[in-house]
Every structure is written in C-alpha cells, then in structure tokens.
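**Student:** Take a look at my_file-v3.txt, compact mmCIF, C-alpha atoms:
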```txt
# COMPACT_ATOMS: atom_id res chain seq x y z
CA VAL J 249 -20.07 48.54 -37.89
CA GLN J 250 -20.07 51.59 -40.12
CA LEU J 251 -16.49 52.83 -40.50
CA LEU J 252 -15.89 56.50 -39.78
CA PHE J 253 -13.32 56.60 -42.59
CA PRO J 254 -13.45 53.98 -45.35
CA ASP J 255 -10.50 51.62 -45.61
CA ILE J 256 -9.08 51.98 -49.13
CA ILE J 257 -7.59 48.84 -50.68
CA THR J 258 -5.55 49.08 -53.89
CA LEU J 259 -5.28 46.08 -56.20
CA SER J 260 -3.48 45.46 -59.47
CA SER J 261 -5.65 45.98 -62.58
CA GLU J 262 -5.72 42.21 -63.17
CA ASP J 263 -6.72 41.40 -59.57
CA PHE J 264 -9.36 44.15 -59.52
CA ILE J 265 -11.05 42.75 -62.64
CA LEU J 266 -10.77 39.18 -61.33
CA PHE J 267 -12.17 40.05 -57.90
CA SER J 268 -14.99 42.48 -58.80
CA PRO J 269 -17.64 39.80 -59.56
CA TYR J 270 -17.26 38.46 -56.00
CA LEU J 271 -18.04 41.70 -54.12
CA SER J 272 -21.52 40.38 -53.29
CA ILE J 273 -20.01 37.55 -51.21
CA PHE J 274 -18.50 40.18 -48.91
CA THR J 275 -21.79 42.11 -48.72
CA ASP J 276 -23.58 38.87 -47.80
CA HIS J 277 -21.18 38.56 -44.86
CA GLY J 278 -21.54 42.13 -43.61
CA ILE J 279 -18.48 43.63 -45.30
CA VAL J 280 -19.73 46.48 -47.44
CA MET J 281 -17.33 47.80 -50.06
CA GLU J 282 -17.55 49.46 -53.42
CA PRO J 283 -15.21 50.39 -56.23
CA PHE J 284 -13.32 53.61 -55.51
CA GLY J 285 -10.96 55.22 -57.96
CA LYS J 286 -8.78 53.18 -60.30
CA ASN J 287 -8.32 49.59 -59.09
CA GLN J 288 -9.36 50.51 -55.57
CA LEU J 289 -12.06 49.35 -53.18
CA ALA J 290 -13.49 51.40 -50.33
CA VAL J 291 -14.50 49.28 -47.34
CA LYS J 292 -17.42 51.12 -45.72
CA SER J 293 -18.49 48.72 -42.96
CA THR J 294 -17.58 45.42 -41.32
CA PRO J 295 -19.41 43.15 -38.89
CA VAL J 296 -18.54 43.42 -35.19
CA TYR J 297 -17.37 39.79 -35.03
CA ALA J 298 -14.79 40.53 -37.74
CA LYS J 299 -12.88 43.16 -35.76
CA ARG J 300 -9.65 41.16 -36.10
CA VAL J 301 -10.13 40.47 -39.79
CA SER J 302 -7.90 42.34 -42.20
CA VAL J 303 -10.19 42.84 -45.19
CA SER J 304 -7.16 43.54 -47.38
CA GLU J 305 -5.56 40.24 -46.36
CA LEU J 306 -8.87 38.42 -46.84
CA ILE J 307 -9.24 39.84 -50.37
CA LYS J 308 -5.69 38.80 -51.29
CA GLU J 309 -6.28 35.26 -49.99
CA LEU J 310 -9.52 35.00 -51.95
CA ILE J 311 -7.88 36.30 -55.13
CA GLY J 312 -5.36 33.48 -54.76
CA SER J 313 -8.24 31.01 -54.37
CA ILE J 314 -10.03 32.42 -57.43
CA LYS J 315 -6.86 31.96 -59.48
CA SER J 316 -6.35 28.39 -58.30
CA PHE J 317 -10.00 27.36 -58.87
CA GLN J 318 -10.52 29.06 -62.26
CA SER J 319 -11.05 25.70 -63.97
CA LEU J 320 -14.30 25.18 -62.03
CA SER J 321 -17.71 26.19 -63.31
CA SER J 322 -18.91 29.65 -62.27
CA GLU J 323 -21.35 28.16 -59.75
CA GLU J 324 -18.75 25.83 -58.18
CA LEU J 325 -16.17 28.64 -58.06
CA PHE J 326 -18.65 30.92 -56.26
CA LYS J 327 -19.37 28.13 -53.76
CA LYS J 328 -15.65 27.45 -53.13
CA ILE J 329 -14.91 31.17 -52.64
CA THR J 330 -17.82 31.50 -50.20
CA GLU J 331 -16.56 28.49 -48.19
CA ARG J 332 -13.01 29.88 -48.12
CA MET J 333 -14.23 33.27 -46.98
CA ARG J 334 -16.32 31.80 -44.17
CA ALA J 335 -13.43 29.66 -42.99
CA GLN J 336 -11.01 32.60 -43.02
CA MET J 337 -13.40 34.92 -41.20
CA ALA J 338 -14.21 32.27 -38.60
CA CYS J 339 -10.55 31.60 -37.99
CA LYS J 340 -9.59 35.25 -37.67
CA ALA J 341 -12.56 36.08 -35.43
CA ALA J 342 -11.97 33.08 -33.16
CA VAL J 343 -11.02 33.23 -29.50
CA ARG J 344 -7.24 33.08 -29.21
CA ALA J 345 -4.77 32.04 -26.57
CA GLY J 346 -4.40 34.82 -24.02
CA ASP J 347 -7.86 36.30 -24.64
CA GLU J 348 -9.57 37.14 -21.37
CA MET J 349 -13.11 35.85 -21.02
CA PRO J 350 -15.63 35.60 -18.19
CA ILE J 351 -16.13 32.02 -16.95
CA GLU J 352 -19.75 31.95 -18.18
CA LYS J 353 -18.62 32.79 -21.70
CA ILE J 354 -16.01 30.02 -21.53
CA LYS J 355 -18.65 27.53 -20.42
CA GLN J 356 -20.99 28.64 -23.21
CA LEU J 357 -18.20 28.36 -25.75
CA LEU J 358 -17.53 24.77 -24.66
CA ARG J 359 -21.26 23.91 -24.78
CA ASP J 360 -21.49 25.38 -28.28
CA LEU J 361 -18.36 23.52 -29.40
CA ASN J 362 -19.83 20.25 -28.12
CA LYS J 363 -22.91 20.77 -30.34
CA THR J 364 -20.79 21.35 -33.45
CA ALA J 365 -20.52 18.53 -36.01
CA ASN J 366 -16.80 19.15 -36.65
CA ARG J 367 -15.84 19.93 -33.07
CA PHE J 368 -12.44 18.22 -33.11
CA SER J 369 -10.71 20.64 -35.50
CA CYS J 370 -10.90 24.15 -36.89
CA PRO J 371 -11.60 24.76 -40.62
CA HIS J 372 -7.83 24.53 -41.24
CA GLY J 373 -7.56 21.13 -39.52
CA ARG J 374 -5.95 22.29 -36.28
CA PRO J 375 -7.16 20.40 -33.21
CA THR J 376 -9.57 22.09 -30.79
CA SER J 377 -8.89 19.64 -27.95
CA TRP J 378 -6.74 16.72 -26.86
CA LEU J 379 -7.40 13.60 -24.85
CA LEU J 380 -4.72 13.01 -22.21
CA ASP J 381 -4.52 9.93 -20.08
CA PHE J 382 -3.68 10.30 -16.39
CA PHE J 383 -0.13 8.98 -16.87
CA SER J 384 0.64 11.62 -19.53
CA LEU J 385 -0.71 14.35 -17.28
CA GLU J 386 1.41 13.16 -14.34
CA LYS J 387 4.44 13.06 -16.63
CA LYS J 388 3.88 16.67 -17.72
CA PHE J 389 3.91 17.75 -14.07
CA LYS J 390 7.01 15.61 -13.48
CA ARG J 391 5.17 13.30 -11.06
CA LYS J 392 6.07 10.20 -13.08
CA ILE J 393 9.24 9.60 -15.00
```
As structure tokens, please, write out the structure in this file.

**Tutor:**
Amino acid sequence: VQLLFPDIITLSSEDFILFSPYLSIFTDHGIVMEPFGKNQLAVKSTPVYAKRVSVSELIKELIGSIKSFQSLSSEELFKKITERMRAQMACKAAVRAGDEMPIEKIKQLLRDLNKTANRFSCPHGRPTSWLLDFFSLEKKFKRKI
C-alpha cells in the first residue's frame, strides 16, 4: 500500500549506519523506505497484511538483533535478521483475540494451521492450541469438583 504521506523514522547516527545495509530486507518484504535527511528513513509503502506493524518498532527490534549477532559472518547475520523480521511481521499481522471474522475464514485459518509444520506454537513459542480432556472441561464449567 503506497502511503499518502511517508512515515519518517529518526535513528541515532550509530543505528542509522548499522541499519542501512539491511534496507533491502524490508524491500523484499514489501516495506519500501529510503534515506531521508540526516539519520532518517522515509517509509513510502507497506504491504496490506502488515497494517498492524509499526515499522519504527520493527526497525528498533532488528537493530537490537544486529547488535547481538554482530559476531556472525555477514551471510549468517543477514539470514538471522531476515528470520527475525519474518517472525515479527507474522506475529504482528496475526489474528488476535477479539478480532471479528466470518466463519468461513475461521475454518480456512484452521485448515491452513493444520497444514503447517510448526502448528503447535507461534514463532515466539506461544501455544496455538491446547488439548483438554473431558474432565478438565467439566471442571472449568463447574460441573465436576
């Protein structure tokens, strides 16, 4: 989605220099930005599925990852940053509690989840489902004590 007005993100000089080589990762994922002014980035467009994603927050998280993985080779660092970005975007764009959805979309979501290799947890390790036995369910509804 092309933004009507670019979102301007200001970084420290150190973070701007550290982050600049990784701009292409964002472009590869539909977030188009370019340097703007001193230590600033202008976000020009974002993908529709990333409507809940704060690009500024995403950049700050990735800068932290770059700093913590600096001992890796350039190729490994690029791979780690790409993985982190995908995980963050997926998490932020995910369906959340309280979101209203048509029943067909819910069914499709469950079918898609069932086909996923890591269907039991999100990229951060949070569970996507639980197995409850009948006794536990009765207990929750105060039918068994």

**Student:** So what do you get for atom CA of Ser304 of chain J versus atom CA of His372 of chain J, distance-wise?

**Tutor:**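 Atom CA of His372 of chain J lies 20.0 Å from atom CA of Ser304 of chain J.
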
**Student:** Please provide as a list in words all residues within 12 Å of Ser313 of chain J, with the sequence filter that same-chain residues fewer than 4 positions apart are discarded (counting all atoms listed in the file).

**Tutor:**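 Within the cut-off, the hits are Asp263, Leu266, Phe267, Tyr270, Leu306, Ile307, Lys308, Glu309, Phe317, Gln318, Ser319, Leu320, Leu325, Phe326, Lys327, Lys328, Ile329, Thr330, Glu331, Arg332, Met333 and Gln336 of chain J.
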
**Student:** Could you tell me how far atom CA of Gly373 of chain J sits from atom CA of Val280 of chain J, in Å to one decimal place?

**Tutor:**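 Computed distance, atom CA of Val280 of chain J to atom CA of Gly373 of chain J, equals 29.2 Å.
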
**Student:** List the spatial neighbours of Leu271 of chain J as a list in words - criterion: any atom at most 9 Å away, all atoms listed in the file, same-chain residues fewer than 5 positions off excluded.

**Tutor:**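 Contacts, in chain order: Asp276, Val280, Met281 and Glu282 of chain J.
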
**Student:** Just need the box for segment 297-314 of chain J, edges along x, y and z, holding every atom the file lists for it with 3 Å tacked onto each side, so centre and edge lengths in Å to one decimal, as JSON.

**Tutor:**
```
{"center_x": -11.4, "center_y": 37.3, "center_z": -46.2, "size_x": 18.0, "size_y": 18.5, "size_z": 28.4}
```

**Student:** Of the candidates J:Phe383, J:His277, J:Ala290, J:Val343, which shows the shortest atom-to-atom distance to Phe253 of chain J, using all atoms listed in the file?

**Tutor:**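 That would be J:Ala290, the residue with the smallest distance to Phe253 of chain J.
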
**Student:** Tell me which of J:Arg334, J:Lys353, J:Lys388, J:Arg359 sits closest to Pro371 of chain J, counting only C-alpha atoms.

**Tutor:** J:Arg334

**Student:** Go through J:Trp378, J:Leu310, J:Thr258, J:Ser384 and flag the residue nearest Ala335 of chain J, using all atoms listed in the file for the distances.

**Tutor:**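 Closest to Ala335 of chain J, using all atoms listed in the file: J:Leu310.
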
**Student:** Suppose you want the space between atom CA of Glu262 of chain J and atom CA of Lys340 of chain J; what is it in Å?

**Tutor:**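 Calculated distance between atom CA of Glu262 of chain J and atom CA of Lys340 of chain J is 26.7 Å.
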
**Student:** Could you check which of J:Ile311, J:Leu380, J:Ala341, J:Ile273 is closest to Ser260 of chain J, using only C-alpha atoms?

**Tutor:**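 Distance minimum relative to Ser260 of chain J lands on J:Ile311.
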
**Student:** Find the residues near Cys370 of chain J: any atom within 9 Å, counting only C-alpha atoms, skip ones fewer than 6 places away on the same chain, and give them as a PyMOL selection string.

**Tutor:** chain J and resi 335+338-339+376
